[in-house]
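Coordinates as given in model-v2.pdb (PDB, C-alpha atoms and all ligand atoms):
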ATOM      1  CA  MET A   1      -3.145  -3.786 -15.650
ATOM      2  CA  LEU A   2      -1.758  -1.394 -13.059
ATOM      3  CA  VAL A   3      -2.968   2.187 -13.341
ATOM      4  CA  LYS A   4      -0.708   4.751 -11.637
ATOM      5  CA  PHE A   5      -1.893   8.191 -10.597
ATOM      6  CA  THR A   6       1.046  10.589 -10.595
ATOM      7  CA  PRO A   7       2.130  12.545  -8.552
ATOM      8  CA  LEU A   8      -0.369  11.247  -5.994
ATOM      9  CA  GLY A   9       1.595   8.037  -5.697
ATOM     10  CA  THR A  10      -1.539   5.908  -5.681
ATOM     11  CA  ALA A  11      -2.305   3.025  -8.018
ATOM     12  CA  ALA A  12      -4.814   0.233  -8.535
ATOM     13  CA  GLU A  13      -5.183  -2.810 -10.739
ATOM     14  CA  ALA A  14      -7.884  -2.243 -13.364
ATOM     15  CA  ARG A  15     -10.565  -4.908 -13.563
ATOM     16  CA  PRO A  16     -11.776  -6.192 -16.959
ATOM     17  CA  ASN A  17     -13.598  -3.480 -18.933
ATOM     18  CA  GLU A  18     -12.903  -0.902 -16.256
ATOM     19  CA  THR A  19     -12.261   2.728 -17.180
ATOM     20  CA  VAL A  20      -9.516   4.968 -15.844
ATOM     21  CA  LEU A  21     -12.164   6.806 -13.798
ATOM     22  CA  ASP A  22     -13.474   3.589 -12.221
ATOM     23  CA  THR A  23      -9.943   2.541 -11.338
ATOM     24  CA  ALA A  24      -9.160   5.989  -9.930
ATOM     25  CA  ARG A  25     -12.117   5.758  -7.580
ATOM     26  CA  ARG A  26     -10.863   2.484  -6.161
ATOM     27  CA  ALA A  27      -7.359   3.938  -5.858
ATOM     28  CA  GLY A  28      -8.630   6.995  -4.000
ATOM     29  CA  ALA A  29      -7.456   9.334  -6.760
ATOM     30  CA  PRO A  30      -9.966  12.184  -7.156
ATOM     31  CA  ILE A  31     -10.887  12.915 -10.768
ATOM     32  CA  GLY A  32     -13.476  15.566 -11.573
ATOM     33  CA  ASN A  33     -16.743  14.371 -13.067
ATOM     34  CA  SER A  34     -20.266  15.691 -13.202
ATOM     35  CA  CYS A  35     -22.099  13.893 -15.990
ATOM     36  CA  GLY A  36     -22.380  10.386 -14.582
ATOM     37  CA  SER A  37     -19.581   9.112 -16.839
ATOM     38  CA  ILE A  38     -21.516   9.556 -20.066
ATOM     39  CA  GLY A  39     -18.707  11.566 -21.659
ATOM     40  CA  VAL A  40     -20.233  15.007 -22.006
ATOM     41  CA  CYS A  41     -18.949  17.192 -19.139
ATOM     42  CA  GLY A  42     -15.239  16.910 -19.937
ATOM     43  CA  ARG A  43     -14.316  17.260 -16.266
ATOM     44  CA  CYS A  44     -12.581  13.869 -16.110
ATOM     45  CA  ARG A  45      -9.859  15.036 -18.523
ATOM     46  CA  VAL A  46      -6.512  13.399 -17.734
ATOM     47  CA  LEU A  47      -3.073  13.542 -19.290
ATOM     48  CA  VAL A  48      -1.642  10.125 -20.156
ATOM     49  CA  LEU A  49       2.017   9.951 -19.107
ATOM     50  CA  ALA A  50       2.605   6.356 -20.177
ATOM     51  CA  GLY A  51       0.727   3.462 -21.721
ATOM     52  CA  ALA A  52      -1.570   5.385 -24.056
ATOM     53  CA  GLU A  53      -1.599   2.309 -26.266
ATOM     54  CA  ASN A  54      -3.177   0.415 -23.371
ATOM     55  CA  LEU A  55      -6.382   2.445 -23.469
ATOM     56  CA  SER A  56      -9.386   1.846 -25.703
ATOM     57  CA  PRO A  57      -9.597   4.166 -28.720
ATOM     58  CA  PRO A  58     -11.561   7.393 -28.154
ATOM     59  CA  THR A  59     -15.303   7.025 -28.548
ATOM     60  CA  MET A  60     -17.242   9.281 -30.908
ATOM     61  CA  ILE A  61     -18.497  11.332 -27.982
ATOM     62  CA  GLU A  62     -14.981  11.611 -26.560
ATOM     63  CA  MET A  63     -13.635  12.823 -29.899
ATOM     64  CA  ARG A  64     -16.340  15.476 -30.006
ATOM     65  CA  VAL A  65     -15.587  16.736 -26.472
ATOM     66  CA  ALA A  66     -11.838  16.628 -27.133
ATOM     67  CA  GLY A  67     -12.271  18.713 -30.264
ATOM     68  CA  GLN A  68     -14.493  21.268 -28.552
ATOM     69  CA  ARG A  69     -12.109  21.657 -25.618
ATOM     70  CA  GLY A  70      -8.840  21.457 -27.530
ATOM     71  CA  PHE A  71      -7.426  18.288 -25.973
ATOM     72  CA  ALA A  72      -3.796  17.479 -26.712
ATOM     73  CA  PRO A  73      -3.221  14.083 -28.383
ATOM     74  CA  ASP A  74      -2.212  12.568 -25.030
ATOM     75  CA  GLU A  75      -5.293  13.759 -23.141
ATOM     76  CA  ARG A  76      -8.272  11.472 -22.588
ATOM     77  CA  LEU A  77     -11.606  11.383 -20.832
ATOM     78  CA  ALA A  78     -11.051   9.066 -17.870
ATOM     79  CA  CYS A  79     -14.697   7.939 -17.947
ATOM     80  CA  GLN A  80     -14.425   6.774 -21.555
ATOM     81  CA  ALA A  81     -10.937   5.237 -21.657
ATOM     82  CA  VAL A  82     -11.092   1.514 -20.867
ATOM     83  CA  VAL A  83      -7.861   0.095 -19.467
ATOM     84  CA  THR A  84      -6.297  -2.822 -21.357
ATOM     85  CA  GLY A  85      -2.779  -2.684 -19.887
ATOM     86  CA  PRO A  86      -0.443  -0.663 -17.653
ATOM     87  CA  VAL A  87      -1.127   3.087 -17.698
ATOM     88  CA  GLU A  88       0.081   6.190 -15.865
ATOM     89  CA  VAL A  89      -2.007   9.369 -15.788
ATOM     90  CA  THR A  90      -2.014  12.793 -14.161
ATOM     91  CA  THR A  91      -4.218  15.878 -13.937
ATOM     92  CA  GLY A  92      -3.462  19.561 -13.557
ATOM     93  CA  TYR A  93      -4.908  19.647 -10.020
ATOM     94  CA  TRP A  94      -3.062  16.885  -8.155
TER
HETATM   95  S1  LIG B   1     -17.260  12.252 -16.220
HETATM   96 FE1  LIG B   1     -18.153  13.630 -17.628
HETATM   97  S2  LIG B   1     -16.959  13.405 -19.401
HETATM   98 FE2  LIG B   1     -16.125  11.969 -18.035
END
Re-express the file's structure as structure tokens.
Ligand code: FES
Amino acid sequence: MLVKFTPLGTAAEARPNETVLDTARRAGAPIGNSCGSIGVCGRCRVLVLAGAENLSPPTMIEMRVAGQRGFAPDERLACQAVVTGPVEVTTGYW
């Protein structure tokens, strides 16, 4: 379950039940966050470049934040999206 962080060029294997944010931390890929990964700050917003089907479905709280902030269909909260297969993500600040 390799998670790639583009264009940083870093990647890490996701552990069971690990989120994109958890995997990013181990890969040294900085993703904004300020709510302790409870899904309310919206700062961990990432754009999924590949493997969207390999992420858990959005949680109720994620759907609420996404609606309030106008997320595109391929944007997710890294702290809420659990990795179930290969994924590639990016942000607007890398
Ligand atoms: S870290 Fe706050 S919503 Fe993900």
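Considering all atoms listed in the file, every residue of the polymer chains approaching ligand LIG 1 (chain B) to 8 Å or closer is listed here: Leu21, Gly32, Asn33, Ser34, Cys35, Gly36, Ser37, Ile38, Gly39, Val40, Cys41, Gly42, Arg43, Cys44, Arg45, Glu62, Val65, Leu77, Ala78, Cys79 and Gln80 of chain A.
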Selected residue of minimal separation from Ile61 of chain A among A:Arg76, A:Leu49, A:Leu8, A:Ile31, counting only C-alpha atoms: A:Arg76
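Considering only C-alpha atoms, the residue among A:Pro16, A:Pro73, A:Gly51, A:Pro58 positioned nearest to Val89 of chain A is A:Gly51.
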Straight-line distance linking atom CA of Met63 of chain A with atom CA of Val87 of chain A, stated in Å to one decimal: 20.0 Å
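If you apply the PyMOL selection byres (((chain A and resi 82) around 8) and not hetatm) to this structure, you end up with A:Asn17, A:Glu18, A:Thr19, A:Val20, A:Leu55, A:Ser56, A:Cys79, A:Gln80, A:Ala81, A:Val83, A:Thr84.
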Please complete segment 13-43 of chain A so it has N, CA and C atoms, and hand it over as a PDB file, in the frame of the given file.
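The new file result.pdb reads:
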ATOM      1  N   GLU A  13      -5.065  -1.891  -9.606  1.00  0.00           N
ATOM      2  CA  GLU A  13      -5.183  -2.810 -10.739  1.00  0.00           C
ATOM      3  C   GLU A  13      -6.566  -2.621 -11.369  1.00  0.00           C
ATOM      4  N   ALA A  14      -6.607  -2.377 -12.669  1.00  0.00           N
ATOM      5  CA  ALA A  14      -7.884  -2.243 -13.364  1.00  0.00           C
ATOM      6  C   ALA A  14      -8.520  -3.616 -13.544  1.00  0.00           C
ATOM      7  N   ARG A  15      -9.810  -3.675 -13.327  1.00  0.00           N
ATOM      8  CA  ARG A  15     -10.565  -4.908 -13.563  1.00  0.00           C
ATOM      9  C   ARG A  15     -10.962  -4.954 -15.042  1.00  0.00           C
ATOM     10  N   PRO A  16     -11.371  -6.101 -15.546  1.00  0.00           N
ATOM     11  CA  PRO A  16     -11.776  -6.192 -16.959  1.00  0.00           C
ATOM     12  C   PRO A  16     -12.855  -5.170 -17.304  1.00  0.00           C
ATOM     13  N   ASN A  17     -12.656  -4.485 -18.420  1.00  0.00           N
ATOM     14  CA  ASN A  17     -13.598  -3.480 -18.933  1.00  0.00           C
ATOM     15  C   ASN A  17     -13.764  -2.270 -18.023  1.00  0.00           C
ATOM     16  N   GLU A  18     -12.814  -2.035 -17.163  1.00  0.00           N
ATOM     17  CA  GLU A  18     -12.903  -0.902 -16.256  1.00  0.00           C
ATOM     18  C   GLU A  18     -12.237   0.324 -16.891  1.00  0.00           C
ATOM     19  N   THR A  19     -12.839   1.495 -16.652  1.00  0.00           N
ATOM     20  CA  THR A  19     -12.261   2.728 -17.180  1.00  0.00           C
ATOM     21  C   THR A  19     -11.213   3.285 -16.205  1.00  0.00           C
ATOM     22  N   VAL A  20     -10.488   4.282 -16.698  1.00  0.00           N
ATOM     23  CA  VAL A  20      -9.516   4.968 -15.844  1.00  0.00           C
ATOM     24  C   VAL A  20     -10.238   5.596 -14.649  1.00  0.00           C
ATOM     25  N   LEU A  21     -11.422   6.161 -14.884  1.00  0.00           N
ATOM     26  CA  LEU A  21     -12.164   6.806 -13.798  1.00  0.00           C
ATOM     27  C   LEU A  21     -12.583   5.778 -12.748  1.00  0.00           C
ATOM     28  N   ASP A  22     -13.084   4.641 -13.179  1.00  0.00           N
ATOM     29  CA  ASP A  22     -13.474   3.589 -12.221  1.00  0.00           C
ATOM     30  C   ASP A  22     -12.275   3.157 -11.381  1.00  0.00           C
ATOM     31  N   THR A  23     -11.152   2.982 -12.041  1.00  0.00           N
ATOM     32  CA  THR A  23      -9.943   2.541 -11.338  1.00  0.00           C
ATOM     33  C   THR A  23      -9.464   3.619 -10.373  1.00  0.00           C
ATOM     34  N   ALA A  24      -9.570   4.876 -10.791  1.00  0.00           N
ATOM     35  CA  ALA A  24      -9.160   5.989  -9.930  1.00  0.00           C
ATOM     36  C   ALA A  24      -9.988   6.024  -8.651  1.00  0.00           C
ATOM     37  N   ARG A  25     -11.250   5.754  -8.771  1.00  0.00           N
ATOM     38  CA  ARG A  25     -12.117   5.758  -7.580  1.00  0.00           C
ATOM     39  C   ARG A  25     -11.650   4.709  -6.579  1.00  0.00           C
ATOM     40  N   ARG A  26     -11.311   3.539  -7.071  1.00  0.00           N
ATOM     41  CA  ARG A  26     -10.863   2.484  -6.161  1.00  0.00           C
ATOM     42  C   ARG A  26      -9.486   2.789  -5.578  1.00  0.00           C
ATOM     43  N   ALA A  27      -8.698   3.584  -6.330  1.00  0.00           N
ATOM     44  CA  ALA A  27      -7.359   3.938  -5.858  1.00  0.00           C
ATOM     45  C   ALA A  27      -7.389   5.164  -4.944  1.00  0.00           C
ATOM     46  N   GLY A  28      -8.542   5.791  -4.819  1.00  0.00           N
ATOM     47  CA  GLY A  28      -8.630   6.995  -4.000  1.00  0.00           C
ATOM     48  C   GLY A  28      -8.034   8.213  -4.674  1.00  0.00           C
ATOM     49  N   ALA A  29      -7.982   8.202  -5.992  1.00  0.00           N
ATOM     50  CA  ALA A  29      -7.456   9.334  -6.760  1.00  0.00           C
ATOM     51  C   ALA A  29      -8.643  10.160  -7.259  1.00  0.00           C
ATOM     52  N   PRO A  30      -8.800  11.381  -6.760  1.00  0.00           N
ATOM     53  CA  PRO A  30      -9.966  12.184  -7.156  1.00  0.00           C
ATOM     54  C   PRO A  30      -9.851  12.724  -8.574  1.00  0.00           C
ATOM     55  N   ILE A  31     -10.816  12.387  -9.400  1.00  0.00           N
ATOM     56  CA  ILE A  31     -10.887  12.915 -10.768  1.00  0.00           C
ATOM     57  C   ILE A  31     -12.247  13.575 -10.921  1.00  0.00           C
ATOM     58  N   GLY A  32     -12.237  14.821 -11.409  1.00  0.00           N
ATOM     59  CA  GLY A  32     -13.476  15.566 -11.573  1.00  0.00           C
ATOM     60  C   GLY A  32     -14.440  14.842 -12.494  1.00  0.00           C
ATOM     61  N   ASN A  33     -15.713  14.955 -12.195  1.00  0.00           N
ATOM     62  CA  ASN A  33     -16.743  14.371 -13.067  1.00  0.00           C
ATOM     63  C   ASN A  33     -18.084  14.904 -12.617  1.00  0.00           C
ATOM     64  N   SER A  34     -18.950  15.174 -13.584  1.00  0.00           N
ATOM     65  CA  SER A  34     -20.266  15.691 -13.202  1.00  0.00           C
ATOM     66  C   SER A  34     -21.371  15.252 -14.148  1.00  0.00           C
ATOM     67  N   CYS A  35     -21.072  14.303 -15.024  1.00  0.00           N
ATOM     68  CA  CYS A  35     -22.099  13.893 -15.990  1.00  0.00           C
ATOM     69  C   CYS A  35     -22.493  12.434 -15.834  1.00  0.00           C
ATOM     70  N   GLY A  36     -22.028  11.790 -14.764  1.00  0.00           N
ATOM     71  CA  GLY A  36     -22.380  10.386 -14.582  1.00  0.00           C
ATOM     72  C   GLY A  36     -21.642   9.480 -15.537  1.00  0.00           C
ATOM     73  N   SER A  37     -20.460   9.922 -15.977  1.00  0.00           N
ATOM     74  CA  SER A  37     -19.581   9.112 -16.839  1.00  0.00           C
ATOM     75  C   SER A  37     -20.171   8.834 -18.214  1.00  0.00           C
ATOM     76  N   ILE A  38     -20.983   9.763 -18.721  1.00  0.00           N
ATOM     77  CA  ILE A  38     -21.516   9.556 -20.066  1.00  0.00           C
ATOM     78  C   ILE A  38     -20.699  10.288 -21.129  1.00  0.00           C
ATOM     79  N   GLY A  39     -19.644  10.998 -20.691  1.00  0.00           N
ATOM     80  CA  GLY A  39     -18.707  11.566 -21.659  1.00  0.00           C
ATOM     81  C   GLY A  39     -19.064  12.927 -22.202  1.00  0.00           C
ATOM     82  N   VAL A  40     -19.852  13.701 -21.468  1.00  0.00           N
ATOM     83  CA  VAL A  40     -20.233  15.007 -22.006  1.00  0.00           C
ATOM     84  C   VAL A  40     -19.708  16.201 -21.214  1.00  0.00           C
ATOM     85  N   CYS A  41     -19.342  16.023 -19.938  1.00  0.00           N
ATOM     86  CA  CYS A  41     -18.949  17.192 -19.139  1.00  0.00           C
ATOM     87  C   CYS A  41     -17.484  17.585 -19.352  1.00  0.00           C
ATOM     88  N   GLY A  42     -16.656  16.634 -19.704  1.00  0.00           N
ATOM     89  CA  GLY A  42     -15.239  16.910 -19.937  1.00  0.00           C
ATOM     90  C   GLY A  42     -14.424  17.105 -18.674  1.00  0.00           C
ATOM     91  N   ARG A  43     -15.029  16.981 -17.523  1.00  0.00           N
ATOM     92  CA  ARG A  43     -14.316  17.260 -16.266  1.00  0.00           C
ATOM     93  C   ARG A  43     -13.342  16.155 -15.868  1.00  0.00           C
TER      94      ARG A  43
END
